[in-house]
Structure formats: C-alpha cells, structure tokens
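A.B. asks: Dropping a structure here in structure tokens format, bear with me for questions.
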Number of protein chains: 2
Amino acid sequence: MDRVKTGKLIASCRKEQNMTQAVDDFVSSGNGRLDQQLKFTAEIDKMTGVLRRTLLLDRSRRENDAEHSWHIAVMTLLFEEYAVEKVNVSRAGQMCVVHDLVEIYAGDTFAYDVKGNEDKQAREAEAADRLFGQLPEEQGKMIRDLWEEFDAMETPDAKYAACMDRLQPFLHNTLTDGHTWVEGATDRAAVEKRMGIIKEFMPEVYEWISDNLDNAVKKGWVKDSKQEV
Amino acid sequence: MDRVKTGKLIASCRKEQNMTQAVDDFVSSGNGRLDQQLKFTAEIDKMTGVLRRTLLLDRSRRENDAEHSWHIAVMTLLFEEYAVEKVNVSRAGQMCVVHDLVEIYAGDTFAYDVKGNEDKQAREAEAADRLFGQLPEEQGKMIRDLWEEFDAMETPDAKYAACMDRLQPFLHNTLTDGHTWVEGATDRAAVEKRMGIIKEFMPEVYEWISDNLDNAVKKGWVKDSKQEV
C-alpha cells in the first residue's frame with residue numbers, strides 16, 4: 001500500500017473513532033426509547049459521507065446522499081402538476097428524505113453500473129435490517145415501509161418520488177457537460193430506461209428529457225444506441 | 001490581498017461562471033413555467049455551498065445547509081411523540097426542507113451571533129423576494145408561506161419543525177466537544193434561550209437538553225451564566 005493510501009486509511013479510521021467515541025460519551029436521557037432515537041439521528045449523519053457520481057452544479061465536488069435527498073424533497077413541492085395521477089406531495093417528500101438511508105451501509109450503486117446492480121437488492125435489505133433495527137420497532141418499520149414503497153415504484157406517491165430521483169441527476173448531468181454519462185460511457189437506451197418512470201408518470205417532463213437527450217448525444221456526452229438506428 | 005486569497009477568489013469566480021454558463025446552455029422545454037421550475041431547482045443547489053458553524057459528526061468539515069435541512073426533515077419522523085400538541089408531521093418535514101433556502105443569498109447567521117441577528121430579518125426578506133420570485137407566482141408564495149410560518153413559530157407544525165432545527169445542532173455540539181459553543185464562547189443562558197421552544201413544545205426532550213447542558217458546563221464547552229449563580 002502506498003503512503004497516500006495509508007494516510008487516507010488512517011484518516012478514515014480516526015474519523016470512525018471520533019464518531020464512536022462521541023456516541024459512547026453521549027449523556028443518556030434515562031429513557032431508552034429517546035436514547036435510541038437520538039443515537040439513530042447521530043448515526044444517519046453518515047449520509048453526508050456517501051458520495052454519488054453526480055457533480056454539484058458548481059463542479060467543486062461530487063454530491064453526497066444527504067444533499068441529493070434534500071434536493072429531491074424540495075423538488076416534490078414544484079412538479080406535482082405534471083403527474084398523471086393524484087399525489088400526496090408531503091408523503092412523497094418523506095419518501096425522498098429516507099429513500100437512500102440504507103446506502104449508509106450498502107453504499108451508493110451507480111444507476112448505470114450493471115454489475116453493481118446485480119446484488120444491490122440483497123446488500124440493501126441487509127443494510128435495512130441493520131439500520132432500521134436501531135430504532136424502536138414500529139418506527140423502524142414505518143421508515144422501512146416508506147423505503148420499500150419507494151423502491152417498488154407502484155403507488156402514485158412512490159412514482160412521483162422516483163421521478164424526482166431521476167429528474168435531479170438528469171438535470172445535473174445536463175448542466176455539467178454530461179459528467180456521469182461520460183464517465184460511465186453510457187448509451188442512450190440505458191438513460192431512456194432509467195427515465196422510463198418519468199415517461200410513464202410525467203409525460204410532459206419527459207419531452208424535455210428527450211430533447212435534452214438529443215442534445216447530449218449531439219454533444220457526445222451520451223452514446224447513440226444501436227437500437228436507435 | 002495575498003496570493004492565497006487571490007487564488008480563492010479566482011476559484012470562486014470560476015465556479016460561478018461554470019454555473020451561469022451551464023444555466024444559459026440549458027435546453028429549453030418550450031414551456032416557460034417548466035423552465036422556471038427547472039432553473040429554480042438548479043439555483044437551489046447553491047445550498048450545498050452555504051456553510052454552517054456546526055461540524056459533521058465525523059469532524060471532517062462544517063455542515064452545509066442542504067445537509068442540515070435534510071437531517072432535520074428525517075428527524076420529524078422520529079420525535080412526534082414528545083410534542084405537547086398534535087402535529088402534521090409530513091407538513092413539518094416540508095418546512096424543514098425549505099426553512100433555510102433564503103440563506104442562499106442572505107448567508108447563514110450563527111444562532112449566537114448577536115450583531116448578525118440584528119439585520120437578519122431584513123436581509124432574509126430581501127433574499128426571499130429574489131429567490132422565490134424566480135418561481136411561478138403561486139409556487140413562490142406557497143414556499144415563502146411555509147418559510148414564514150416556520151420563522152414565526154406560532155403553529156404546532158412550525159414549533160415542531162423549529163424544535164428539530166434546535167435539537168439537531170445541539171446534538172452535534174454534544175457529540176463534537178461543544179464545537180460551536182466553544183468557538184462562540186457561548187454562555188448557558190444563550191443556549192437555554194435558543195432551546196426555549198423545545199422546553200415549551202417538547203418538555204421531555206428538554207430534560208435531556210438540560211442534563212447535557214450541565215455536562216457541557218462541567219466540561220467547559222459552555223460558560224456558566226451569571227444568571228445561574
């Protein structure tokens with residue numbers, strides 16, 4: 001292992017130690033339930049360290065899961081009018097803020113990473129057991145239910161939240177010279193598949209997606225798919 | 001101006017240029033309303049660059065507004081049972097995700113900065129005009145209303161959201177050796193004042209706050225107030 005890697009590993013261990021020590025120093029409330037809730041709150045701060053492929057729009061660094069989750073939760077307030085079914089907007093917002101929590105243990109899986117997506121479900125189910133098990137049982141179940149509903153993309157609220165989860169990185173790619181598409185040598189068919197839920201649930205927004213995909217292909221950010229010929 | 005400062009200024013200008021250029025390169029949807037909503041979505045990505053005083057729990061860096069807003073929105077799912085009045089949890093979550101948006105232009109004002117808080121209201125009202133004016137009128141008003149309701153702390157939903165907004169940095173301070181308290185040479189009376197809404201709206205949680213304040217004074221993170229003698 002080279003010196004840089006060793007240094008990084010030591011820094012990362014120190015961070016983990018700081019965190020663990022702090023949680024052990026925690027002054028108990030004397031109420032086991034409240035302690036669980038406060039410790040869970042501290043634990044999920046780790047979302048700020050789960051990096052996504054997407055760049056921030058100022059291109060200074062990669063976006064993290066906390067930032068992404070916040071961003072799409074705000075978006076739920078804006079795009080309801082394009083949904084083809086009635087949506088409970090504030091409930092969709094709740095799904096947005098919890099939809100990536102399992103990545104604290106399972107890590108972020110890049111949307112266009114075929115191999116990584118093969119075992120994603122098993123990794124995330126295990127992470128969910130570990131994470132939500134730290135909460136009082138009915139609260140752990142409530143958040144897990146929200147996440148599973150989001151993931152299944154069957155209810156209108158879940159479809160709407162999923163559209164925000166696709167639209168935000170699409171917008172970021174469009175405004176950062178197709179950063180993650182270029183990095184992943186992504187082709188148009190793969191992006192279209194990923195955006196399928198927007199095509200189904202927000203067709204008017206999909207028109208904008210489609211125009212921008214034309215532009216992305218023209219600029220060389222996205223490869224034209226063989227299927228397109 | 002020294003070389004480091006000049007370098008930082010140039011880097012910051014470049015970032016701003018990248019952003020502006022990208023938004024100008026934006027492929028229009030042909031629907032002015034949708035364009036406004038998409039551009040607003042891009043604009044609020046700047047929340048990731050508004051730094052707060054609070055450290056992340058791994059102490060790697062200061063937390064930003066996007067991360068903080070996300071964190072307290074998740075917390076709304078956990079602490080409802082301690083509220084003394086009935087709360088609409090998902091609506092309080094919406095307040096949490098929008099409550100700091102005006103800081104994109106007004107900047108973050110440290111809770112214990114007396115001088116900075118003097119003109120905070122005027123700066124934030126101006127920022128609200130500028131930011132929410134970028135949205136279709138009724139959407140700008142809807143978000144501004146949520147923010148103003150949060151800020152007034154009069155309705156149960158706003159009180160609950162405000163409690164999350166106080167509890168999260170308190171927890172972070174408790175778990176980072178009182179970082180922002182020490183930095184601000186904060187005294188106990190100031191923290192108690194800031195936590196007043198928790199005392200009123202979540203008295204059981206305030207007991208935990210109070211015990212941890214005893215501990216913070218004992219450890220020298222918070223100065224004992226003259227009022228306490």
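Identifiers for the structure tokens are assigned positionally: chains receive A, B, ... in sequence, residues are indexed from 1 per chain, and ligands are indexed from 1 in the order shown.
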Find the residues around segment 112-114 of chain B up to 12 Å (only C-alpha atoms counted), leave out those fewer than 3 positions away in its own chain, and share them as a PDB file with N, CA, C and O atoms, in the first residue's frame.

C.D. replies:
ATOM      1  N   ARG B  53     -21.968  26.736  11.164  1.00  0.00           N
ATOM      2  CA  ARG B  53     -20.881  26.613  12.137  1.00  0.00           C
ATOM      3  C   ARG B  53     -20.691  25.163  12.599  1.00  0.00           C
ATOM      4  O   ARG B  53     -19.596  24.751  12.972  1.00  0.00           O
ATOM      5  N   ASP B 108     -25.715  32.194   6.096  1.00  0.00           N
ATOM      6  CA  ASP B 108     -26.110  31.628   7.383  1.00  0.00           C
ATOM      7  C   ASP B 108     -25.750  32.610   8.496  1.00  0.00           C
ATOM      8  O   ASP B 108     -24.664  33.167   8.516  1.00  0.00           O
ATOM      9  N   THR B 109     -26.687  32.858   9.398  1.00  0.00           N
ATOM     10  CA  THR B 109     -26.400  33.709  10.559  1.00  0.00           C
ATOM     11  C   THR B 109     -26.280  32.809  11.776  1.00  0.00           C
ATOM     12  O   THR B 109     -27.223  32.094  12.125  1.00  0.00           O
ATOM     13  N   ASN B 117     -27.589  38.903  14.032  1.00  0.00           N
ATOM     14  CA  ASN B 117     -29.021  38.670  14.104  1.00  0.00           C
ATOM     15  C   ASN B 117     -29.842  39.961  14.070  1.00  0.00           C
ATOM     16  O   ASN B 117     -31.056  39.913  13.908  1.00  0.00           O
ATOM     17  N   GLU B 118     -29.126  41.109  14.235  1.00  0.00           N
ATOM     18  CA  GLU B 118     -29.853  42.390  14.245  1.00  0.00           C
ATOM     19  C   GLU B 118     -30.517  42.697  12.904  1.00  0.00           C
ATOM     20  O   GLU B 118     -31.664  43.108  12.851  1.00  0.00           O
ATOM     21  N   ASP B 119     -29.766  42.471  11.798  1.00  0.00           N
ATOM     22  CA  ASP B 119     -30.336  42.798  10.485  1.00  0.00           C
ATOM     23  C   ASP B 119     -30.738  41.543   9.706  1.00  0.00           C
ATOM     24  O   ASP B 119     -31.004  41.603   8.514  1.00  0.00           O
ATOM     25  N   LYS B 120     -30.788  40.414  10.418  1.00  0.00           N
ATOM     26  CA  LYS B 120     -31.096  39.131   9.768  1.00  0.00           C
ATOM     27  C   LYS B 120     -32.450  39.189   9.031  1.00  0.00           C
ATOM     28  O   LYS B 120     -32.563  38.775   7.878  1.00  0.00           O
ATOM     29  N   THR B 180     -19.290  24.412  18.342  1.00  0.00           N
ATOM     30  CA  THR B 180     -19.700  25.807  18.033  1.00  0.00           C
ATOM     31  C   THR B 180     -19.869  26.638  19.304  1.00  0.00           C
ATOM     32  O   THR B 180     -19.700  27.856  19.273  1.00  0.00           O
ATOM     33  N   TRP B 181     -20.198  25.986  20.401  1.00  0.00           N
ATOM     34  CA  TRP B 181     -20.287  26.733  21.672  1.00  0.00           C
ATOM     35  C   TRP B 181     -18.929  27.286  22.058  1.00  0.00           C
ATOM     36  O   TRP B 181     -18.794  28.448  22.438  1.00  0.00           O
ATOM     37  N   VAL B 182     -17.912  26.429  21.967  1.00  0.00           N
ATOM     38  CA  VAL B 182     -16.559  26.842  22.331  1.00  0.00           C
ATOM     39  C   VAL B 182     -16.099  27.970  21.408  1.00  0.00           C
ATOM     40  O   VAL B 182     -15.606  29.007  21.857  1.00  0.00           O
ATOM     41  N   GLU B 183     -16.321  27.764  20.111  1.00  0.00           N
ATOM     42  CA  GLU B 183     -15.898  28.752  19.123  1.00  0.00           C
ATOM     43  C   GLU B 183     -16.556  30.110  19.377  1.00  0.00           C
ATOM     44  O   GLU B 183     -15.938  31.157  19.184  1.00  0.00           O
ATOM     45  N   GLY B 184     -17.812  30.085  19.804  1.00  0.00           N
ATOM     46  CA  GLY B 184     -18.549  31.328  20.018  1.00  0.00           C
ATOM     47  C   GLY B 184     -18.490  31.818  21.453  1.00  0.00           C
ATOM     48  O   GLY B 184     -19.152  32.795  21.788  1.00  0.00           O
ATOM     49  N   ALA B 185     -17.724  31.132  22.321  1.00  0.00           N
ATOM     50  CA  ALA B 185     -17.642  31.489  23.751  1.00  0.00           C
ATOM     51  C   ALA B 185     -19.043  31.719  24.325  1.00  0.00           C
ATOM     52  O   ALA B 185     -19.339  32.733  24.949  1.00  0.00           O
ATOM     53  N   THR B 186     -19.906  30.740  24.051  1.00  0.00           N
ATOM     54  CA  THR B 186     -21.331  30.862  24.347  1.00  0.00           C
ATOM     55  C   THR B 186     -21.609  30.593  25.828  1.00  0.00           C
ATOM     56  O   THR B 186     -20.970  29.736  26.427  1.00  0.00           O
ATOM     57  N   ASP B 187     -22.558  31.319  26.392  1.00  0.00           N
ATOM     58  CA  ASP B 187     -22.896  31.016  27.782  1.00  0.00           C
ATOM     59  C   ASP B 187     -24.243  30.287  27.887  1.00  0.00           C
ATOM     60  O   ASP B 187     -25.037  30.248  26.955  1.00  0.00           O
ATOM     61  N   ARG B 188     -24.445  29.687  29.043  1.00  0.00           N
ATOM     62  CA  ARG B 188     -25.587  28.804  29.254  1.00  0.00           C
ATOM     63  C   ARG B 188     -26.924  29.497  29.000  1.00  0.00           C
ATOM     64  O   ARG B 188     -27.831  28.921  28.390  1.00  0.00           O
ATOM     65  N   ALA B 189     -27.036  30.754  29.425  1.00  0.00           N
ATOM     66  CA  ALA B 189     -28.306  31.468  29.246  1.00  0.00           C
ATOM     67  C   ALA B 189     -28.653  31.590  27.759  1.00  0.00           C
ATOM     68  O   ALA B 189     -29.823  31.471  27.371  1.00  0.00           O
ATOM     69  N   ALA B 190     -27.650  31.816  26.929  1.00  0.00           N
ATOM     70  CA  ALA B 190     -27.892  31.957  25.484  1.00  0.00           C
ATOM     71  C   ALA B 190     -28.385  30.633  24.887  1.00  0.00           C
ATOM     72  O   ALA B 190     -29.301  30.612  24.064  1.00  0.00           O
ATOM     73  N   VAL B 191     -27.769  29.534  25.321  1.00  0.00           N
ATOM     74  CA  VAL B 191     -28.214  28.227  24.802  1.00  0.00           C
ATOM     75  C   VAL B 191     -29.632  27.932  25.305  1.00  0.00           C
ATOM     76  O   VAL B 191     -30.488  27.480  24.542  1.00  0.00           O
ATOM     77  N   GLU B 192     -29.874  28.234  26.577  1.00  0.00           N
ATOM     78  CA  GLU B 192     -31.219  27.979  27.124  1.00  0.00           C
ATOM     79  C   GLU B 192     -32.275  28.777  26.377  1.00  0.00           C
ATOM     80  O   GLU B 192     -33.363  28.283  26.109  1.00  0.00           O
ATOM     81  N   LYS B 193     -31.935  30.010  26.027  1.00  0.00           N
ATOM     82  CA  LYS B 193     -32.882  30.849  25.280  1.00  0.00           C
ATOM     83  C   LYS B 193     -33.171  30.211  23.918  1.00  0.00           C
ATOM     84  O   LYS B 193     -34.318  30.081  23.500  1.00  0.00           O
ATOM     85  N   ARG B 194     -32.113  29.794  23.254  1.00  0.00           N
ATOM     86  CA  ARG B 194     -32.243  29.167  21.934  1.00  0.00           C
ATOM     87  C   ARG B 194     -33.078  27.886  22.022  1.00  0.00           C
ATOM     88  O   ARG B 194     -33.823  27.546  21.097  1.00  0.00           O
ATOM     89  N   MET B 195     -32.959  27.156  23.114  1.00  0.00           N
ATOM     90  CA  MET B 195     -33.669  25.882  23.290  1.00  0.00           C
ATOM     91  C   MET B 195     -35.071  26.080  23.900  1.00  0.00           C
ATOM     92  O   MET B 195     -35.769  25.112  24.175  1.00  0.00           O
TER      93      MET B 195
END

A.B. asks: Given only C-alpha atoms as the basis, pick out the residue of A:Ala216, A:Leu131, A:Ala162, A:Ala152 nearest to chain B.

C.D. replies: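 The shortest atom-to-atom distance to chain B comes from A:Ala216.
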
A.B. asks: If I take atom CA of Gln134 of chain B and atom CA of Asp35 of chain B, how far is one from the other in Å, to one decimal?

C.D. replies: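 Distance reported for this atom pair: 10.3 Å.
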
A.B. asks: Grab the atom CA of His99 of chain B to atom CA of Val74 of chain A distance for me, in Å with one decimal place.

C.D. replies: 10.6 Å

A.B. asks: What does the distance between atom CA of Asp165 of chain A and atom CA of Pro169 of chain B come to in Å, to one decimal place?

C.D. replies: 27.5 Å

A.B. asks: Determine which residues of segment 16-227 of chain A receive a DSSP assignment of alpha helix (DSSP H), computed from the backbone, and state them as a ChimeraX atom specification.

C.D. replies: /A:16-25,32-43,65-75,89-98,103-106,114-118,120-132,137-152,156-174,179-183,188-194,196-201,203-219

A.B. asks: Determine the nearest neighbour of chain B from the options A:Gly116, A:Gly133, A:Gly140, A:Gly196, counting only C-alpha atoms.

C.D. replies: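 The answer is A:Gly140, which sits nearest to chain B.
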
A.B. asks: Can you pull out every residue within 8 Å of Phe79 of chain A, counting only C-alpha atoms, but drop anything in the same chain fewer than 4 positions away, and send it as a list in words?

C.D. replies: Met75 and Ala83 of chain A; Gln37 of chain B

A.B. asks: Please provide as a PyMOL selection string all residues within 9 Å of Glu124 of chain A, with the sequence filter that same-chain residues fewer than 4 positions apart are discarded (counting only C-alpha atoms).

C.D. replies: chain A and resi 102-103+105-107+119-120+128-129

A.B. asks: Keeping only all heavy atoms, write the selected residues as a short mmCIF file (atom, residue, chain, number, x, y, z; two decimals), in the first residue's frame.

C.D. replies:
data_model
loop_
_atom_site.label_atom_id
_atom_site.label_comp_id
_atom_site.auth_asym_id
_atom_site.auth_seq_id
_atom_site.Cartn_x
_atom_site.Cartn_y
_atom_site.Cartn_z
N VAL A 102 -30.42 3.44 3.44
CA VAL A 102 -29.71 2.15 3.52
C VAL A 102 -28.31 2.21 2.92
O VAL A 102 -27.48 1.36 3.21
CB VAL A 102 -30.52 1.02 2.82
CG1 VAL A 102 -31.81 0.75 3.57
CG2 VAL A 102 -30.77 1.33 1.36
N GLU A 103 -28.06 3.23 2.10
CA GLU A 103 -26.72 3.36 1.49
C GLU A 103 -25.63 3.69 2.52
O GLU A 103 -24.45 3.59 2.21
CB GLU A 103 -26.76 4.40 0.36
CG GLU A 103 -27.66 3.93 -0.77
CD GLU A 103 -27.63 4.84 -2.00
OE1 GLU A 103 -26.93 5.86 -1.99
OE2 GLU A 103 -28.32 4.50 -2.99
N TYR A 105 -24.86 1.86 4.88
CA TYR A 105 -24.11 0.60 4.99
C TYR A 105 -23.92 -0.09 3.64
O TYR A 105 -22.95 -0.82 3.45
CB TYR A 105 -24.82 -0.37 5.95
CG TYR A 105 -25.03 0.19 7.34
CD1 TYR A 105 -26.25 0.08 7.98
CD2 TYR A 105 -24.00 0.86 8.01
CE1 TYR A 105 -26.46 0.61 9.25
CE2 TYR A 105 -24.19 1.39 9.27
CZ TYR A 105 -25.43 1.26 9.89
OH TYR A 105 -25.61 1.79 11.13
N ALA A 106 -24.87 0.11 2.70
CA ALA A 106 -24.79 -0.62 1.43
C ALA A 106 -23.98 0.14 0.37
O ALA A 106 -23.59 -0.43 -0.64
CB ALA A 106 -26.19 -0.90 0.89
N GLY A 107 -23.74 1.43 0.61
CA GLY A 107 -23.02 2.27 -0.37
C GLY A 107 -23.93 2.65 -1.53
O GLY A 107 -25.00 2.05 -1.72
N ASP A 119 -26.38 -7.38 -7.23
CA ASP A 119 -26.57 -7.79 -5.84
C ASP A 119 -27.07 -6.63 -4.96
O ASP A 119 -27.06 -6.72 -3.74
CB ASP A 119 -25.27 -8.37 -5.26
CG ASP A 119 -24.15 -7.34 -5.21
OD1 ASP A 119 -24.27 -6.30 -5.91
OD2 ASP A 119 -23.18 -7.56 -4.47
N LYS A 120 -27.50 -5.55 -5.61
CA LYS A 120 -27.93 -4.35 -4.89
C LYS A 120 -29.06 -4.68 -3.90
O LYS A 120 -29.01 -4.28 -2.74
CB LYS A 120 -28.41 -3.30 -5.91
CG LYS A 120 -28.83 -1.98 -5.30
CD LYS A 120 -29.21 -0.97 -6.40
CE LYS A 120 -29.68 0.33 -5.79
NZ LYS A 120 -31.04 0.72 -6.15
N ALA A 128 -30.75 -2.48 5.56
CA ALA A 128 -32.01 -2.02 6.17
C ALA A 128 -32.23 -2.70 7.51
O ALA A 128 -32.61 -2.05 8.49
CB ALA A 128 -33.17 -2.30 5.22
N ASP A 129 -31.97 -4.01 7.57
CA ASP A 129 -32.10 -4.73 8.85
C ASP A 129 -31.23 -4.07 9.91
O ASP A 129 -31.65 -3.81 11.03
CB ASP A 129 -31.64 -6.20 8.71
CG ASP A 129 -32.61 -7.02 7.87
OD1 ASP A 129 -33.77 -6.58 7.70
OD2 ASP A 129 -32.21 -8.10 7.38
#

A.B. asks: Tell me which protein, DNA and RNA residues are within 8 Å of segment 61-68 of chain B, counting only C-alpha atoms, leaving out same-chain ones fewer than 4 positions away, and put them as a ChimeraX atom specification.

C.D. replies: /A:48,66-67,70-71 /B:47-56,72,100

A.B. asks: Show which residues sit within 7 Å of Ile197 of chain A, as number ranges by chain. Count only C-alpha atoms, and ignore same-chain residues fewer than 4 positions away.

C.D. replies: A: 159, 163, 201

A.B. asks: Those same residues - all heavy atoms - I'd like them written as a CSV table (one decimal), in the first residue's frame.

C.D. replies:
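File produced: part_31.csv:
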chain,number,residue,atom,x,y,z
A,159,LYS,N,-44.2,6.7,-7.3
A,159,LYS,CA,-43.8,7.0,-8.7
A,159,LYS,C,-43.3,8.5,-8.8
A,159,LYS,O,-42.4,8.8,-9.5
A,159,LYS,CB,-45.0,6.8,-9.6
A,159,LYS,CG,-45.2,5.3,-9.9
A,159,LYS,CD,-46.4,5.1,-10.8
A,159,LYS,CE,-46.7,3.6,-11.0
A,159,LYS,NZ,-47.9,3.4,-11.9
A,163,CYS,N,-39.7,9.8,-9.8
A,163,CYS,CA,-39.5,10.8,-10.9
A,163,CYS,C,-38.5,11.9,-10.4
A,163,CYS,O,-37.6,12.3,-11.2
A,163,CYS,CB,-40.8,11.4,-11.3
A,163,CYS,SG,-41.8,10.4,-12.3
A,201,PHE,N,-45.1,8.6,-15.9
A,201,PHE,CA,-45.8,9.3,-14.9
A,201,PHE,C,-45.8,10.9,-15.1
A,201,PHE,O,-46.7,11.6,-14.6
A,201,PHE,CB,-45.2,9.0,-13.5
A,201,PHE,CG,-46.1,9.3,-12.4
A,201,PHE,CD1,-47.2,8.5,-12.2
A,201,PHE,CD2,-45.9,10.3,-11.5
A,201,PHE,CE1,-48.1,8.7,-11.1
A,201,PHE,CE2,-46.8,10.6,-10.4
A,201,PHE,CZ,-47.9,9.8,-10.2

A.B. asks: If you run DSSP over the backbone, which residues in segment 62-195 of chain A end up strand (DSSP E or B)? Put them as a list in words.

C.D. replies: Arg62, Glu63, Asn64 and Asp187 of chain A

A.B. asks: Write out as a list of chain:residue names the residues lying within 8 Å of segment 88-92 of chain B, counting only C-alpha atoms and excluding same-chain residues fewer than 5 positions away.

C.D. replies: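 With the cut-off at 8 Å, the set is A:Ser90, A:Arg91, A:Gly93, A:Gln94, B:Ala73, B:Thr76, B:Leu77, B:Glu80, B:Asp157, B:Ala158, B:Tyr160, B:Ala161.
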
A.B. asks: Looking at A:Trp208, A:Phe40, A:Phe110, A:Phe150, which one is nearest to chain B, with distances taken over only C-alpha atoms?

C.D. replies: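 Among the listed residues, A:Trp208 lies closest to chain B.
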